[in-house]
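J.: So that we are looking at the same thing, I have put the structure below in structure tokens.
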Amino acid sequence: MKVSIIVPTYNRSALIRETIESIIHQTYTDWELIVVDDGSSDGTDSVVGVYCDRDDRIRFFQRPSRVPKGPNSCRNLGFRVSSGELVKWVDSDDLLAEDALRSQVEIFKTNPGTKLCLGYGSIFFNTRSSMQGLWSRSTTSDDYFSDHIRSKIRWPIGGILWNRAVFDGDPFRANLNNSQEWLLHGRYLLTVGPHEIFNLTEVVYFVRKGHLRLSSSNTAGYSFHQAKARLILLVEMFRKRHPHFSNYSEVVKQIGIHSFYGVNAMFREYKFFYS
């Protein structure tokens, strides 16, 4: 089973080598790596180009100027040009555990009805020896959707291995600047049945902390996009006729909280610029 690994990147020449090396050294070898650049100016293209020359499983694309800027556009573009039966997204500053693909692909091979295989992440600062614990509070759940929207259980962007058939179009909202994995996971946990989810309680992904990520900020826009992600999911819940009122209530509450934070941040920014 071929795995398509899709990596959006922007000015990551100092970090993306380590990301690519973690993919090259996978114990499972039937994969393709698609790197989509968002207009880097630091030589990221040259760094990735060296790997493309060495390994024909690695391909590099530049986001066309007609396509909106941002990591979600790059993820969607990578998805469109990919060919794997299974799909994994990886950020260009993070790492895959050496056996990540082997462990998760084996789940699909031995459980033919699986649509997505959950996997977990650990946080690290610069080196793997500085691991700081799990990305998620828990690795078990009786209701993945309910616990996900409450952040009781969560998966980093590269924690889940997806069956391509799950997606009915572009997986990501191009006009969403953050909360993209929260929305992605929420939308598809709504549609995938519990029997189609396999919970592999292993760490398969390492999330780098301690530097600016592609979608991290405490601005008003950041909070408003968090609220926007929840509003999109709320609409999806109504469309899918989700049966649990308590989950509607939780998402509405979060929309209010993030909107409040956004307004507060907007006033702080206004005072900073005009004081």
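As shown in the structure tokens, the chain order sets the letters A, B, ...; within each chain, residues go from 1, and ligands are also counted from 1 in the order they appear.
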Neighbouring residues of His225 (chain A) were defined as those with any atom within 9 Å, considering only C-alpha atoms; residues of the same chain fewer than 3 positions away were excluded. Please report them as a list in words.
T.: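 In the requested form, the answer reads Leu176, Asn177, Asn178, Ser179, Ala220, Gly221, Tyr222, Lys228, Ala229, Arg230, His258, Ser259 and Gly262 of chain A.
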J.: Could you write out the selected residues, including N, CA, C and O atoms, as a PDB file, in the first residue's frame?
T.:
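That gives us part30.pdb:
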ATOM      1  N   LEU A 176      -8.428  29.336   5.869  1.00  0.00           N
ATOM      2  CA  LEU A 176      -8.322  29.204   7.319  1.00  0.00           C
ATOM      3  C   LEU A 176      -6.848  29.242   7.700  1.00  0.00           C
ATOM      4  O   LEU A 176      -6.051  28.450   7.208  1.00  0.00           O
ATOM      5  N   ASN A 177      -6.482  30.166   8.589  1.00  0.00           N
ATOM      6  CA  ASN A 177      -5.066  30.383   8.903  1.00  0.00           C
ATOM      7  C   ASN A 177      -4.555  29.551  10.072  1.00  0.00           C
ATOM      8  O   ASN A 177      -3.341  29.451  10.267  1.00  0.00           O
ATOM      9  N   ASN A 178      -5.427  29.009  10.877  1.00  0.00           N
ATOM     10  CA  ASN A 178      -5.019  28.125  11.965  1.00  0.00           C
ATOM     11  C   ASN A 178      -6.203  27.246  12.358  1.00  0.00           C
ATOM     12  O   ASN A 178      -7.281  27.351  11.768  1.00  0.00           O
ATOM     13  N   SER A 179      -6.006  26.345  13.313  1.00  0.00           N
ATOM     14  CA  SER A 179      -7.011  25.354  13.709  1.00  0.00           C
ATOM     15  C   SER A 179      -7.349  24.401  12.571  1.00  0.00           C
ATOM     16  O   SER A 179      -8.409  23.769  12.567  1.00  0.00           O
ATOM     17  N   ALA A 220      -5.419  39.048  16.975  1.00  0.00           N
ATOM     18  CA  ALA A 220      -6.872  38.984  16.845  1.00  0.00           C
ATOM     19  C   ALA A 220      -7.260  38.030  15.721  1.00  0.00           C
ATOM     20  O   ALA A 220      -8.202  37.241  15.849  1.00  0.00           O
ATOM     21  N   GLY A 221      -6.530  38.093  14.621  1.00  0.00           N
ATOM     22  CA  GLY A 221      -6.823  37.209  13.501  1.00  0.00           C
ATOM     23  C   GLY A 221      -6.724  35.749  13.876  1.00  0.00           C
ATOM     24  O   GLY A 221      -7.526  34.924  13.422  1.00  0.00           O
ATOM     25  N   TYR A 222      -5.738  35.415  14.712  1.00  0.00           N
ATOM     26  CA  TYR A 222      -5.572  34.028  15.147  1.00  0.00           C
ATOM     27  C   TYR A 222      -6.824  33.553  15.888  1.00  0.00           C
ATOM     28  O   TYR A 222      -7.361  32.479  15.604  1.00  0.00           O
ATOM     29  N   LYS A 228     -13.726  30.787  13.561  1.00  0.00           N
ATOM     30  CA  LYS A 228     -14.205  30.422  12.230  1.00  0.00           C
ATOM     31  C   LYS A 228     -14.196  28.915  12.025  1.00  0.00           C
ATOM     32  O   LYS A 228     -15.144  28.339  11.465  1.00  0.00           O
ATOM     33  N   ALA A 229     -13.123  28.253  12.480  1.00  0.00           N
ATOM     34  CA  ALA A 229     -13.039  26.797  12.354  1.00  0.00           C
ATOM     35  C   ALA A 229     -14.199  26.130  13.079  1.00  0.00           C
ATOM     36  O   ALA A 229     -14.794  25.164  12.582  1.00  0.00           O
ATOM     37  N   ARG A 230     -14.527  26.644  14.257  1.00  0.00           N
ATOM     38  CA  ARG A 230     -15.640  26.059  15.020  1.00  0.00           C
ATOM     39  C   ARG A 230     -16.983  26.318  14.349  1.00  0.00           C
ATOM     40  O   ARG A 230     -17.868  25.460  14.362  1.00  0.00           O
ATOM     41  N   HIS A 258     -13.588  32.170  21.632  1.00  0.00           N
ATOM     42  CA  HIS A 258     -12.536  32.617  20.718  1.00  0.00           C
ATOM     43  C   HIS A 258     -12.870  33.969  20.095  1.00  0.00           C
ATOM     44  O   HIS A 258     -11.972  34.786  19.855  1.00  0.00           O
ATOM     45  N   SER A 259     -14.154  34.243  19.873  1.00  0.00           N
ATOM     46  CA  SER A 259     -14.550  35.559  19.366  1.00  0.00           C
ATOM     47  C   SER A 259     -14.250  36.633  20.395  1.00  0.00           C
ATOM     48  O   SER A 259     -13.770  37.729  20.058  1.00  0.00           O
ATOM     49  N   GLY A 262     -10.656  37.309  20.412  1.00  0.00           N
ATOM     50  CA  GLY A 262     -10.318  38.048  19.202  1.00  0.00           C
ATOM     51  C   GLY A 262     -10.616  39.530  19.327  1.00  0.00           C
ATOM     52  O   GLY A 262      -9.816  40.375  18.923  1.00  0.00           O
TER      53      GLY A 262
END
J.: Can you check which residues of region 23-129 of chain A DSSP gives as strand (DSSP E or B) on the backbone and send them as an MDAnalysis selection string?
T.: chainID A and resid 31:37 58:62 86:89 95:96 116:125 127
J.: A:Leu116, A:Leu96, A:Leu101, A:Val263: which is nearest His195 (chain A), counting only C-alpha atoms?
T.: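 When distances to His195 (chain A) are compared using only C-alpha atoms, the smallest one comes from A:Leu116.
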J.: Residues of region 94-163 of chain A that have any atom at most 12 Å from an atom of region 68-84 of chain A: could you tabulate them with the shortest-distance atom pair and the distance in Å to one decimal, using only C-alpha atoms, ordered by chain and increasing number, as a Markdown table?
T.:
| residue | atom | partner | partner_atom | distance |
| --- | --- | --- | --- | --- |
| A:Val105 | CA | A:Gly84 | CA | 11.9 |
| A:Ile157 | CA | A:Arg75 | CA | 11.1 |
| A:Leu161 | CA | A:Gly84 | CA | 11.4 |
| A:Trp162 | CA | A:Gly84 | CA | 10.2 |
| A:Asn163 | CA | A:Gly84 | CA | 9.1 |
J.: Can you tell me which residues surround region 121-123 of chain A at a distance of at most 12 Å, considering only C-alpha atoms, apart from same-chain residues fewer than 4 positions away, and format the answer as a ChimeraX atom specification?
T.: /A:90,93-97,100,127-139,153-160,200-210
J.: Any chance you can output those residues with N, CA and C atoms as an mmCIF file, in the first residue's frame?
T.:
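Written output follows (part_30.cif):
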data_model
loop_
_atom_site.group_PDB
_atom_site.id
_atom_site.type_symbol
_atom_site.label_atom_id
_atom_site.label_comp_id
_atom_site.auth_asym_id
_atom_site.auth_seq_id
_atom_site.Cartn_x
_atom_site.Cartn_y
_atom_site.Cartn_z
ATOM 1 N N VAL A 90 2.620 15.983 6.967
ATOM 2 C CA VAL A 90 3.715 16.223 7.904
ATOM 3 C C VAL A 90 4.116 17.688 7.768
ATOM 4 N N ASP A 93 8.759 21.174 9.923
ATOM 5 C CA ASP A 93 9.666 21.290 11.059
ATOM 6 C C ASP A 93 9.526 20.113 12.025
ATOM 7 N N ASP A 94 8.640 19.171 11.704
ATOM 8 C CA ASP A 94 8.378 18.032 12.580
ATOM 9 C C ASP A 94 9.042 16.764 12.042
ATOM 10 N N LEU A 95 8.926 15.683 12.810
ATOM 11 C CA LEU A 95 9.605 14.435 12.461
ATOM 12 C C LEU A 95 8.664 13.246 12.583
ATOM 13 N N LEU A 96 8.905 12.239 11.749
ATOM 14 C CA LEU A 96 8.198 10.963 11.879
ATOM 15 C C LEU A 96 9.058 9.982 12.668
ATOM 16 N N ALA A 97 8.425 9.234 13.561
ATOM 17 C CA ALA A 97 9.118 8.130 14.214
ATOM 18 C C ALA A 97 9.519 7.107 13.153
ATOM 19 N N ALA A 100 6.877 4.664 12.066
ATOM 20 C CA ALA A 100 5.528 5.238 11.966
ATOM 21 C C ALA A 100 4.726 4.624 10.822
ATOM 22 N N THR A 127 15.974 18.854 19.737
ATOM 23 C CA THR A 127 16.498 17.502 19.572
ATOM 24 C C THR A 127 15.539 16.493 20.187
ATOM 25 N N ARG A 128 15.588 15.262 19.678
ATOM 26 C CA ARG A 128 14.686 14.231 20.194
ATOM 27 C C ARG A 128 14.982 13.885 21.650
ATOM 28 N N SER A 129 16.185 14.196 22.111
ATOM 29 C CA SER A 129 16.527 13.916 23.509
ATOM 30 C C SER A 129 15.811 14.857 24.468
ATOM 31 N N SER A 130 15.155 15.893 23.913
ATOM 32 C CA SER A 130 14.458 16.864 24.759
ATOM 33 C C SER A 130 12.945 16.654 24.732
ATOM 34 N N MET A 131 12.492 15.406 24.596
ATOM 35 C CA MET A 131 11.070 15.113 24.567
ATOM 36 C C MET A 131 10.380 15.581 25.850
ATOM 37 N N GLN A 132 9.194 16.209 25.675
ATOM 38 C CA GLN A 132 8.500 16.809 26.808
ATOM 39 C C GLN A 132 7.154 16.154 27.116
ATOM 40 N N GLY A 133 6.872 15.004 26.555
ATOM 41 C CA GLY A 133 5.617 14.332 26.852
ATOM 42 C C GLY A 133 4.666 14.313 25.673
ATOM 43 N N LEU A 134 3.499 13.725 25.894
ATOM 44 C CA LEU A 134 2.519 13.530 24.830
ATOM 45 C C LEU A 134 1.835 14.831 24.426
ATOM 46 N N TRP A 135 1.459 14.892 23.155
ATOM 47 C CA TRP A 135 0.686 16.003 22.601
ATOM 48 C C TRP A 135 -0.752 15.955 23.127
ATOM 49 N N SER A 136 -1.251 14.770 23.444
ATOM 50 C CA SER A 136 -2.639 14.576 23.860
ATOM 51 C C SER A 136 -2.724 14.242 25.345
ATOM 52 N N ARG A 137 -3.817 14.648 25.979
ATOM 53 C CA ARG A 137 -4.047 14.298 27.383
ATOM 54 C C ARG A 137 -4.268 12.803 27.559
ATOM 55 N N SER A 138 -4.876 12.192 26.544
ATOM 56 C CA SER A 138 -5.234 10.779 26.640
ATOM 57 C C SER A 138 -4.999 10.103 25.293
ATOM 58 N N THR A 139 -4.910 8.780 25.301
ATOM 59 C CA THR A 139 -4.803 8.024 24.053
ATOM 60 C C THR A 139 -5.962 7.045 23.900
ATOM 61 N N ILE A 153 -8.774 14.497 23.830
ATOM 62 C CA ILE A 153 -7.900 13.646 23.035
ATOM 63 C C ILE A 153 -7.615 14.399 21.734
ATOM 64 N N ARG A 154 -6.373 14.340 21.276
ATOM 65 C CA ARG A 154 -6.044 15.054 20.045
ATOM 66 C C ARG A 154 -4.829 14.428 19.374
ATOM 67 N N TRP A 155 -4.732 14.713 18.091
ATOM 68 C CA TRP A 155 -3.678 14.140 17.260
ATOM 69 C C TRP A 155 -2.993 15.266 16.496
ATOM 70 N N PRO A 156 -1.675 15.274 16.438
ATOM 71 C CA PRO A 156 -0.995 16.290 15.623
ATOM 72 C C PRO A 156 -1.271 16.038 14.144
ATOM 73 N N ILE A 157 -0.907 16.998 13.320
ATOM 74 C CA ILE A 157 -1.224 16.919 11.897
ATOM 75 C C ILE A 157 -0.709 15.635 11.272
ATOM 76 N N GLY A 158 0.437 15.135 11.728
ATOM 77 C CA GLY A 158 1.008 13.920 11.151
ATOM 78 C C GLY A 158 0.744 12.668 11.960
ATOM 79 N N GLY A 159 -0.151 12.749 12.922
ATOM 80 C CA GLY A 159 -0.428 11.577 13.751
ATOM 81 C C GLY A 159 -1.316 10.548 13.076
ATOM 82 N N ILE A 160 -2.227 11.017 12.226
ATOM 83 C CA ILE A 160 -3.213 10.132 11.607
ATOM 84 C C ILE A 160 -2.749 9.711 10.210
ATOM 85 N N LEU A 200 -4.306 3.374 17.234
ATOM 86 C CA LEU A 200 -2.970 2.855 17.508
ATOM 87 C C LEU A 200 -2.332 3.740 18.577
ATOM 88 N N THR A 201 -2.242 3.247 19.783
ATOM 89 C CA THR A 201 -1.803 4.086 20.905
ATOM 90 C C THR A 201 -0.279 4.157 20.989
ATOM 91 N N GLU A 202 0.334 4.444 19.854
ATOM 92 C CA GLU A 202 1.785 4.592 19.790
ATOM 93 C C GLU A 202 2.134 6.020 19.384
ATOM 94 N N VAL A 203 3.300 6.490 19.803
ATOM 95 C CA VAL A 203 3.825 7.770 19.331
ATOM 96 C C VAL A 203 4.453 7.551 17.954
ATOM 97 N N VAL A 204 3.894 8.213 16.968
ATOM 98 C CA VAL A 204 4.382 8.065 15.588
ATOM 99 C C VAL A 204 4.935 9.373 15.031
ATOM 100 N N TYR A 205 4.816 10.449 15.803
ATOM 101 C CA TYR A 205 5.088 11.792 15.261
ATOM 102 C C TYR A 205 5.666 12.665 16.363
ATOM 103 N N PHE A 206 6.659 13.492 15.986
ATOM 104 C CA PHE A 206 7.304 14.377 16.942
ATOM 105 C C PHE A 206 7.079 15.827 16.532
ATOM 106 N N VAL A 207 6.477 16.601 17.434
ATOM 107 C CA VAL A 207 6.104 17.993 17.172
ATOM 108 C C VAL A 207 7.170 18.919 17.748
ATOM 109 N N ARG A 208 7.788 19.712 16.883
ATOM 110 C CA ARG A 208 8.841 20.625 17.327
ATOM 111 C C ARG A 208 8.232 21.889 17.940
ATOM 112 N N LYS A 209 8.725 22.265 19.088
ATOM 113 C CA LYS A 209 8.315 23.504 19.751
ATOM 114 C C LYS A 209 9.539 24.403 19.923
ATOM 115 N N GLY A 210 9.269 25.660 20.282
ATOM 116 C CA GLY A 210 10.363 26.565 20.591
ATOM 117 C C GLY A 210 10.749 27.491 19.461
#
J.: Using only C-alpha atoms, determine which residues lie at most 12 Å from Asp30 (chain A), disregarding the query and same-chain residues fewer than 5 positions distant; provide the list as a list in words.
T.: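 That gives Met1, Lys2, Val3, Ser4, Ile5, Ile23, Ile24, His25, Asp56, Arg57, Ile58, Ser83, Gly84, Glu85, Leu86, Leu101, Arg102 and Val105 of chain A.
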J.: Between A:Asp147, A:Glu98, A:Val87, A:Gly113, which has the minimum distance to Ser22 (chain A) (counting only C-alpha atoms)?
T.: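 Of the candidates, the smallest distance to Ser22 (chain A) is held by A:Glu98.
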J.: Go through A:Ser151, A:Thr29, A:Thr9, A:Ser65 and flag the residue nearest Val48 (chain A), using only C-alpha atoms for the distances.
T.: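 For Val48 (chain A), the nearest of the candidates is A:Thr9.
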